[in-house]
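Comments concern the structure below.
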Amino acid sequence: MRLIFAGTPPFAAAALAALHHAGHDVALVLTQPDRPAGRGMKLTPSAVAREAERLGLRLEKPTTLKDATVQATIREIDADVMVVAAYGLLLPQAVLDLPKFGCLNIHGSLLPRWRGAAPVQRSIEAGDLETGIAIMQMDAGLDTGAVLLERRFPIARDETSATLFEKLAALGASTIVDALTALPTLVARPQVPGGVLYARKIDKSEARIDWLQPAVLIERRIRAFDPFPGCETRLAGEPIKIWRAQVVDANAVGVAPGTVTHSDRQTLTVQCGEKQLQWVTVQKAGGKRVAISEFLCGYPVPTGTRLT
């Protein structure tokens, strides 16, 4: 098929590579403009931009798809399908109507659960047991289009957003190739009105740990917010990020949430609103991720210390 591909992060780059490898004619790649990144805040191309350049594909980086010139470029391609994966820009109806078979979105959840910007993180945070990929026929709504093809798989108990994104990227890449192969025979399944949940964008303010919350929820958030934005508390006024922790299925009687209930050279445990949390991997500001035993060697924390 003659395709236009629109996407930005590594999740999308995997699909672009798979489509090209499958022999489709990717006539145009759209991605977001270069963004400042790294300590030097140097303008850096997206993962999709780098993949398009590696494959020698035509690449454009518009700031909007509402521009008449951009729409004219898309129209001239005369594409069979436009494939969209984590693009980050709104597709106006004029663009949705241009390809012969419309626009197909590679979405990282089992729709209608977790429509929106952060389905991977929210599925882990909510404690979902499974997730998957939905190939959706795009319409003017927010992830409201009919589903053409769906693939499911379980979420591991120790899953982080980083590991789940890798799995979903590979699954999304293979699923979109299968969808295009079977496209003339696929039956669009309208999303059921029940079970709709919206995965709001992750905000940095969510990184702050509220020790009044149950340990189970805090542990899930630690995994959901890895690698961004991480989960943070303050120890003696200094920020500490917790990257891995384990729930202790017991409460320390008469101890306020946010209190260190046990600390020695190897372990550190904190009382939460319900049950306790044992730290496994942590990071000081400006440092690297280390095991809690290594952290405690240079930063002993007495039992009874209060976290904020």
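Naming works like this for the structure tokens: A, B, ... for the chains as they're shown, residue 1 at the start of each chain, ligands 1 onward in shown order.
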If DSSP is run on the backbone, what residues of range 169-258 of chain A are alpha helix (DSSP H)? A reply as a ChimeraX atom specification would be ideal. /A:169-182,215-224
Find the residues around Ala47 in chain A up to 7 Å (only C-alpha atoms counted), leave out those fewer than 6 positions away in its own chain, and share them as an MDAnalysis selection string. chainID A and resid 8:10 13
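When only C-alpha atoms are used to measure the gap to Ile218 in chain A, the shortest distance among A:Ala162, A:Val26, A:Ile124, A:Leu171 belongs to A:Ile124.
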Sorted by chain and rising residue number, which residues of range 111-133 of chain A lie within 12 Å of range 67-88 of chain A, and what are their closest atom pairs and distances in Å to one decimal, counting only C-alpha atoms, as JSON lines?
```
{"residue": "A:Gly116", "atom": "CA", "partner": "A:Ala86", "partner_atom": "CA", "distance": 10.1}
{"residue": "A:Ala117", "atom": "CA", "partner": "A:Ala86", "partner_atom": "CA", "distance": 8.3}
{"residue": "A:Ala118", "atom": "CA", "partner": "A:Ala86", "partner_atom": "CA", "distance": 9.9}
{"residue": "A:Pro119", "atom": "CA", "partner": "A:Ala86", "partner_atom": "CA", "distance": 10.9}
{"residue": "A:Val120", "atom": "CA", "partner": "A:Ala86", "partner_atom": "CA", "distance": 11.7}
{"residue": "A:Ile133", "atom": "CA", "partner": "A:Ala85", "partner_atom": "CA", "distance": 11.1}
```
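Of the residues under consideration (A:Asn105, A:Thr64, A:Gln32, A:Gln283), A:Asn105 shows the shortest atom-to-atom contact distance to Ala173 in chain A when counting only C-alpha atoms.
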Given only C-alpha atoms as the counted atoms, nearest of A:His107, A:Lys204, A:Arg289, A:Arg189 to Gly172 in chain A: A:His107
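Distance annotation: of A:Lys167, A:Lys66, A:Lys241, A:Arg152, the residue with the minimal separation from Ala14 in chain A is A:Lys167; atom set is only C-alpha atoms.
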Among range 71-165 of chain A, which residues carry a DSSP assignment of strand (DSSP E), reported as a ChimeraX atom specification? /A:81-85,103-107,115-116,130-137,147-154
Hey, which bits of range 131-215 of chain A sit within 12 Å of range 225-236 of chain A, and for each residue what's the closest pair of atoms and how far apart in Å (one decimal), counting only C-alpha atoms, rows by chain and increasing number, as a tab-separated table?
```
residue	atom	partner	partner_atom	distance
A:Asp158	CA	A:Asp226	CA	11.5
A:Glu159	CA	A:Asp226	CA	9.7
A:Thr160	CA	A:Asp226	CA	5.9
A:Ser161	CA	A:Asp226	CA	5.7
A:Ala162	CA	A:Pro227	CA	6.2
A:Thr163	CA	A:Asp226	CA	9.1
A:Leu164	CA	A:Asp226	CA	10.3
A:Phe165	CA	A:Pro227	CA	10.6
A:Lys201	CA	A:Pro229	CA	11.5
A:Ile202	CA	A:Pro229	CA	7.9
A:Asp203	CA	A:Pro229	CA	7.8
A:Lys204	CA	A:Pro229	CA	5.8
A:Ser205	CA	A:Pro229	CA	8.8
A:Glu206	CA	A:Cys231	CA	7.8
A:Ala207	CA	A:Cys231	CA	4.4
A:Arg208	CA	A:Glu232	CA	5.0
A:Ile209	CA	A:Thr233	CA	5.7
A:Asp210	CA	A:Thr233	CA	8.3
A:Trp211	CA	A:Thr233	CA	9.0
```
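CA of Ala94 in chain A is found 28.5 Å from CA of Ser174 in chain A.
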Restricting the calculation to only C-alpha atoms, which member of A:Arg39, A:Arg151, A:Lys284, A:Arg58 is positioned closest to Phe5 in chain A? A:Arg58
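Remark: for Gly23 in chain A, the closest of the candidate residues A:Ser263, A:Gln121, A:Gln213, A:Thr181 is A:Thr181 (distances computed over only C-alpha atoms).
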